[in-house]
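Participant: What follows is target.txt; its format and atoms are compact mmCIF, C-alpha atoms and all ligand atoms.
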# COMPACT_ATOMS: atom_id res chain seq x y z
CA MET A 1350 -12.21 9.24 -6.51
CA ASN A 1351 -13.06 12.93 -6.59
CA THR A 1352 -11.65 14.24 -9.90
CA TYR A 1353 -10.35 17.45 -8.31
CA ILE A 1354 -8.36 15.53 -5.70
CA LYS A 1355 -7.11 13.05 -8.32
CA LYS A 1356 -5.80 15.88 -10.50
CA LEU A 1357 -4.20 17.56 -7.49
CA ILE A 1358 -2.35 14.36 -6.61
CA ASP A 1359 -1.46 13.44 -10.21
CA ASP A 1360 0.01 16.92 -10.77
CA ASP A 1361 2.20 16.97 -7.65
CA SER A 1362 5.50 15.98 -9.23
CA ASP A 1363 7.46 15.85 -5.93
CA PHE A 1364 4.96 13.41 -4.49
CA GLN A 1365 4.82 11.36 -7.69
CA GLU A 1366 8.61 11.02 -7.69
CA ILE A 1367 8.53 9.50 -4.18
CA ILE A 1368 5.96 6.80 -5.00
CA ARG A 1369 6.72 6.31 -8.73
CA ASP A 1370 8.33 2.86 -8.37
CA ILE A 1371 5.46 1.69 -6.13
CA ILE A 1372 2.50 2.80 -8.24
CA SER A 1373 4.09 1.60 -11.48
CA ASN A 1374 4.62 -1.89 -10.06
CA LYS A 1375 2.38 -4.52 -11.70
CA THR A 1376 1.46 -6.21 -8.41
CA VAL A 1377 0.59 -2.90 -6.75
CA GLN A 1378 -1.61 -2.11 -9.76
CA LYS A 1379 -3.66 -5.19 -8.83
CA MET A 1380 -5.06 -3.19 -5.89
CA LYS A 1381 -7.28 -1.58 -8.54
CA ASN A 1382 -9.13 -4.91 -8.78
CA PHE A 1383 -10.25 -4.88 -5.13
CA MET A 1384 -12.77 -2.55 -3.54
CA GLN A 1385 -11.89 -0.98 -0.22
CA HIS A 1386 -14.90 1.12 0.81
CA TYR A 1387 -18.04 1.08 -1.38
CA ASP A 1388 -17.02 2.41 -4.82
CA THR A 1389 -13.41 3.24 -3.89
CA THR A 1390 -10.76 0.77 -4.97
CA CYS A 1391 -7.99 -0.29 -2.65
CA PHE A 1392 -5.50 1.47 -4.95
CA ASP A 1393 -7.37 4.80 -4.89
CA HIS A 1394 -7.84 4.60 -1.12
CA CYS A 1395 -4.09 4.08 -0.61
CA TYR A 1396 -3.25 6.78 -3.16
CA VAL A 1397 -5.27 9.43 -1.29
CA VAL A 1398 -4.12 8.26 2.17
CA SER A 1399 -0.52 8.39 0.95
CA TYR A 1400 -0.93 11.94 -0.37
CA TYR A 1401 -2.57 13.33 2.77
CA CYS A 1402 0.11 11.70 4.95
CA TYR A 1403 2.76 13.22 2.66
CA LEU A 1404 1.25 16.72 2.91
CA ILE A 1405 0.78 16.65 6.69
CA CYS A 1406 4.23 15.22 7.39
CA LYS A 1407 5.90 17.69 5.02
CA ARG A 1408 4.15 20.59 6.76
CA LEU A 1409 5.28 19.26 10.17
CA ASN A 1410 8.88 18.70 9.02
CA LEU A 1411 8.55 14.97 9.53
CA ASP A 1412 9.72 12.08 7.34
CA TYR A 1413 7.27 12.72 4.49
CA LYS A 1414 8.95 10.25 2.12
CA SER A 1415 8.39 7.31 4.48
CA ALA A 1416 4.89 8.62 5.17
CA ALA A 1417 4.05 8.64 1.44
CA ARG A 1418 5.54 5.20 0.77
CA ALA A 1419 3.99 3.50 3.80
CA GLY A 1420 0.66 5.20 3.06
CA MET A 1421 0.66 3.81 -0.47
CA LEU A 1422 1.35 0.28 0.78
CA HIS A 1423 -0.63 0.21 4.03
CA ASP A 1424 -3.52 -1.84 2.55
CA PHE A 1425 -1.48 -3.92 0.09
CA PHE A 1426 -3.20 -7.19 1.07
CA LEU A 1427 -4.60 -8.14 -2.38
CA TYR A 1428 -7.80 -10.02 -1.59
CA ASP A 1429 -11.50 -9.19 -1.28
CA TRP A 1430 -11.73 -8.53 2.46
CA ARG A 1431 -15.53 -8.91 2.40
CA LYS A 1432 -15.22 -12.58 1.46
CA LYS A 1433 -13.90 -15.23 3.81
CA GLN A 1434 -10.46 -16.38 2.69
CA PRO A 1435 -10.01 -20.13 3.27
CA ASP A 1436 -6.24 -19.84 3.74
CA ARG A 1437 -6.40 -16.87 6.12
CA LYS A 1438 -6.61 -17.11 9.89
CA GLY A 1439 -7.95 -14.28 12.03
CA LEU A 1440 -10.13 -11.28 11.30
CA HIS A 1441 -9.14 -8.96 8.45
CA ALA A 1442 -9.04 -5.90 10.73
CA PHE A 1443 -6.42 -7.52 12.95
CA THR A 1444 -4.28 -9.23 10.33
CA HIS A 1445 -4.13 -7.21 7.12
CA GLY A 1446 -1.48 -4.74 8.31
CA LYS A 1447 0.98 -7.59 8.73
CA ILE A 1448 -0.06 -9.17 5.41
CA ALA A 1449 0.35 -5.82 3.61
CA CYS A 1450 3.81 -5.41 5.11
CA GLU A 1451 4.87 -8.93 4.09
CA ASN A 1452 3.65 -8.35 0.53
CA ALA A 1453 5.39 -4.97 0.37
CA CYS A 1454 8.69 -6.37 1.67
CA LYS A 1455 8.75 -8.94 -1.16
CA LEU A 1456 8.81 -6.12 -3.74
CA PHE A 1457 10.33 -3.05 -2.09
CA ASN A 1458 13.12 -2.10 0.25
CA LEU A 1459 11.22 -0.69 3.22
CA ASN A 1460 12.89 0.98 6.18
CA ASP A 1461 11.94 0.06 9.77
CA LYS A 1462 9.64 3.06 10.15
CA GLU A 1463 7.69 2.21 7.00
CA LYS A 1464 7.28 -1.42 8.10
CA ASP A 1465 6.05 -0.35 11.54
CA MET A 1466 3.64 2.18 10.02
CA ILE A 1467 2.06 -0.45 7.76
CA ILE A 1468 1.81 -3.16 10.42
CA LYS A 1469 0.27 -0.83 13.03
CA HIS A 1470 -1.96 1.37 10.83
CA MET A 1471 -5.13 -0.14 12.35
CA TRP A 1472 -4.38 1.26 15.82
CA PRO A 1473 -6.37 1.46 18.11
CA VAL A 1474 -8.25 -1.58 16.73
CA THR A 1475 -4.94 -3.37 17.05
CA VAL A 1476 -3.45 -2.52 20.43
CA ALA A 1477 0.17 -1.74 19.53
CA LEU A 1478 0.81 1.99 19.12
CA PRO A 1479 2.91 3.02 16.08
CA ASN A 1480 6.54 3.82 16.94
CA SER A 1481 6.59 7.12 15.05
CA LEU A 1482 4.58 10.31 14.69
CA GLU A 1483 4.33 9.53 10.98
CA GLY A 1484 2.70 6.20 11.92
CA LEU A 1485 0.23 7.94 14.21
CA ILE A 1486 -0.67 10.39 11.44
CA LEU A 1487 -1.28 7.45 9.09
CA THR A 1488 -3.77 5.91 11.54
CA PHE A 1489 -5.83 9.13 11.64
CA VAL A 1490 -5.61 9.88 7.90
CA ASP A 1491 -6.65 6.30 7.11
CA LYS A 1492 -9.76 6.61 9.28
CA TYR A 1493 -10.63 10.02 7.91
CA CYS A 1494 -10.42 8.68 4.33
CA ALA A 1495 -12.43 5.56 5.21
CA ILE A 1496 -15.23 7.74 6.63
CA SER A 1497 -15.23 10.19 3.72
CA GLU A 1498 -15.25 7.30 1.20
CA SER A 1499 -18.27 5.78 2.96
CA ILE A 1500 -20.34 8.77 4.03
CA ASP A 1501 -21.76 9.88 0.66
CA ILE A 1502 -22.84 6.35 -0.21
CA LEU A 1503 -24.37 5.83 3.24
CA LYS A 1504 -26.29 9.09 2.95
CA THR A 1505 -27.62 8.11 -0.49
CA ASP A 1506 -28.57 4.68 0.85
CA LEU A 1507 -30.32 6.13 3.88
CA PHE A 1508 -32.31 8.65 1.84
CA SER A 1509 -33.38 5.94 -0.58
CA ARG A 1510 -35.06 3.89 2.16
CA LYS A 1511 -38.84 4.23 2.13
CA SER A 1512 -39.24 4.46 5.90
CA PHE A 1513 -36.66 7.18 6.12
CA ARG A 1514 -38.36 9.14 3.34
CA HIS A 1515 -41.65 8.94 5.24
CA ALA A 1516 -40.07 10.04 8.52
CA TYR A 1517 -38.31 12.86 6.71
CA LEU A 1518 -41.62 13.98 5.19
CA VAL A 1519 -43.37 13.97 8.59
CA LEU A 1520 -40.52 15.88 10.24
CA SER A 1521 -40.53 18.41 7.42
CA LEU A 1522 -44.25 18.99 7.84
CA LEU A 1523 -43.89 19.38 11.61
CA ASN A 1524 -41.16 21.88 11.04
CA VAL A 1525 -43.37 23.88 8.68
CA ASN A 1526 -46.18 23.97 11.28
CA ILE A 1527 -43.87 25.22 14.00
FE FE A 1601 -6.19 -1.06 6.52
FE FE A 1602 -6.66 1.95 4.77
Could you express the structure from this file as structure tokens?
Facilitator:
Amino acid sequence: MNTYIKKLIDDDSDFQEIIRDIISNKTVQKMKNFMQHYDTTCFDHCYVVSYYCYLICKRLNLDYKSAARAGMLHDFFLYDWRKKQPDRKGLHAFTHGKIACENACKLFNLNDKEKDMIIKHMWPVTVALPNSLEGLILTFVDKYCAISESIDILKTDLFSRKSFRHAYLVLSLLNVNI
């Protein structure tokens, strides 16, 4: 995670107070053992998603507490989603919202909005639209974070490929001649 963003989130005492019981929970801490996108752990991904949802919902006078709590738990599925799970039916993209909600409900008292936000956070991949504006915001923030967590690694990967380096060199030369 970007150290500037981490410090910003760690230092926001109002936000920390809202999610304190969640992030200090031993089972939630296990999300640090699973990678979400490239070098970002599931915990860090949820931490940033939760904070952005909190900020946006606070600015819009929405239910920022539910937004922060649901954001922190939206990917609380606790398995390596890249590997096939023998006891799991259905594709990860379609099922993990429900699994995350079930796991969260075993440990925390979630309100109906928080449950709905977690279950439907993969919209529009999953068809059902979230019931709240907070839920809709979570779907967009989640995708934004997923892209920003992946883009730097993808760029590095692309530039490291030999064929791309050659094409880049040729294009650069053409550009110089123009
Ligand atoms: Fe997810
Ligand atoms: Fe996510």
Participant: Rank nothing, just name the residue among A:Tyr1493, A:Phe1457, A:Tyr1403, A:Phe1426 nearest to ligand FE 1601 (chain A), using all atoms listed in the file.
Facilitator: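 Ranked by minimum distance to ligand FE 1601 (chain A), first place goes to A:Phe1426.
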Participant: Could you give me, as CSV, every chain A residue with an atom at most 9 Å from ligand FE 1602 (chain A), plus its closest atom pair and distance in Å to one decimal, counting only C-alpha atoms and all ligand atoms, rows ordered by chain then number?
Facilitator:
residue,atom,partner,partner_atom,distance
A:Gln1385,CA,A:FE1602,FE,7.8
A:Cys1391,CA,A:FE1602,FE,7.9
A:His1394,CA,A:FE1602,FE,6.6
A:Cys1395,CA,A:FE1602,FE,6.3
A:Val1398,CA,A:FE1602,FE,7.3
A:Gly1420,CA,A:FE1602,FE,8.2
A:His1423,CA,A:FE1602,FE,6.3
A:Asp1424,CA,A:FE1602,FE,5.4
A:His1470,CA,A:FE1602,FE,7.7
A:Met1471,CA,A:FE1602,FE,8.0
A:Leu1487,CA,A:FE1602,FE,8.8
A:Thr1488,CA,A:FE1602,FE,8.4
A:Val1490,CA,A:FE1602,FE,8.6
A:Asp1491,CA,A:FE1602,FE,4.9
A:Lys1492,CA,A:FE1602,FE,7.2
A:Cys1494,CA,A:FE1602,FE,7.7
A:Ala1495,CA,A:FE1602,FE,6.8
Participant: Counting only C-alpha atoms, what is within 8 Å of A:Glu1463, bar same-chain residues fewer than 2 positions away, as a PyMOL selection string?
Facilitator: chain A and resi 1415-1416+1418-1419+1459-1461+1465-1467
Participant: Measuring between all atoms listed in the file, which one of A:Asn1382, A:Ser1373, A:Thr1389, A:Asn1458 shows the shortest distance to A:Asp1501?
Facilitator: A:Thr1389
Participant: Using 3 Å of padding on each side, determine the axis-aligned box around all atoms of stretch 1430-1447 of chain A present in the file and give its centre and edge lengths in Å to one decimal, as JSON.
Facilitator:
{"center_x": -7.3, "center_y": -12.4, "center_z": 7.2, "size_x": 22.5, "size_y": 21.4, "size_z": 17.5}
Participant: In Å, how far is it from atom CA of A:Lys1356 to atom CA of A:Gly1484?
Facilitator: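 According to the coordinates, atom CA of A:Lys1356 and atom CA of A:Gly1484 are separated by 25.9 Å.
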Participant: Given the choices A:Gln1378, A:Lys1462, A:Asn1351, A:Leu1411, which gets closest to A:Pro1479 if the distance is worked out from only C-alpha atoms?
Facilitator: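 Closest candidate: A:Lys1462.
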Participant: If you measure from atom CA of A:Lys1469 to atom CA of A:Lys1447, what distance in Å do you get, rounded to one decimal?
Facilitator: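 Computed distance, atom CA of A:Lys1469 to atom CA of A:Lys1447, equals 8.0 Å.
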Participant: Determine the nearest neighbour of A:Ala1449 from the options A:Leu1404, A:Met1380, A:Leu1503, A:Val1397, counting all atoms listed in the file.
Facilitator: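 Comparing A:Leu1404, A:Met1380, A:Leu1503, A:Val1397 against A:Ala1449, the winner is A:Met1380.
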Participant: Figure out the distance between atom CA of A:Ser1499 and atom CA of A:Phe1425, please, to one decimal in Å.
Facilitator: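 Interatomic distance here is 19.6 Å.
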Participant: For a quick check of understanding, using all atoms listed in the file, which of A:Val1377, A:Ile1358, A:Leu1427, A:Cys1450 has the smallest distance to A:Lys1464?
Facilitator: A:Cys1450
Participant: Of the candidates A:Lys1455, A:His1386, A:Lys1438, A:Lys1432, which shows the shortest atom-to-atom distance to ligand FE 1601 (chain A), using only C-alpha atoms and all ligand atoms?
Facilitator: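 That would be A:His1386, the residue with the smallest distance to ligand FE 1601 (chain A).
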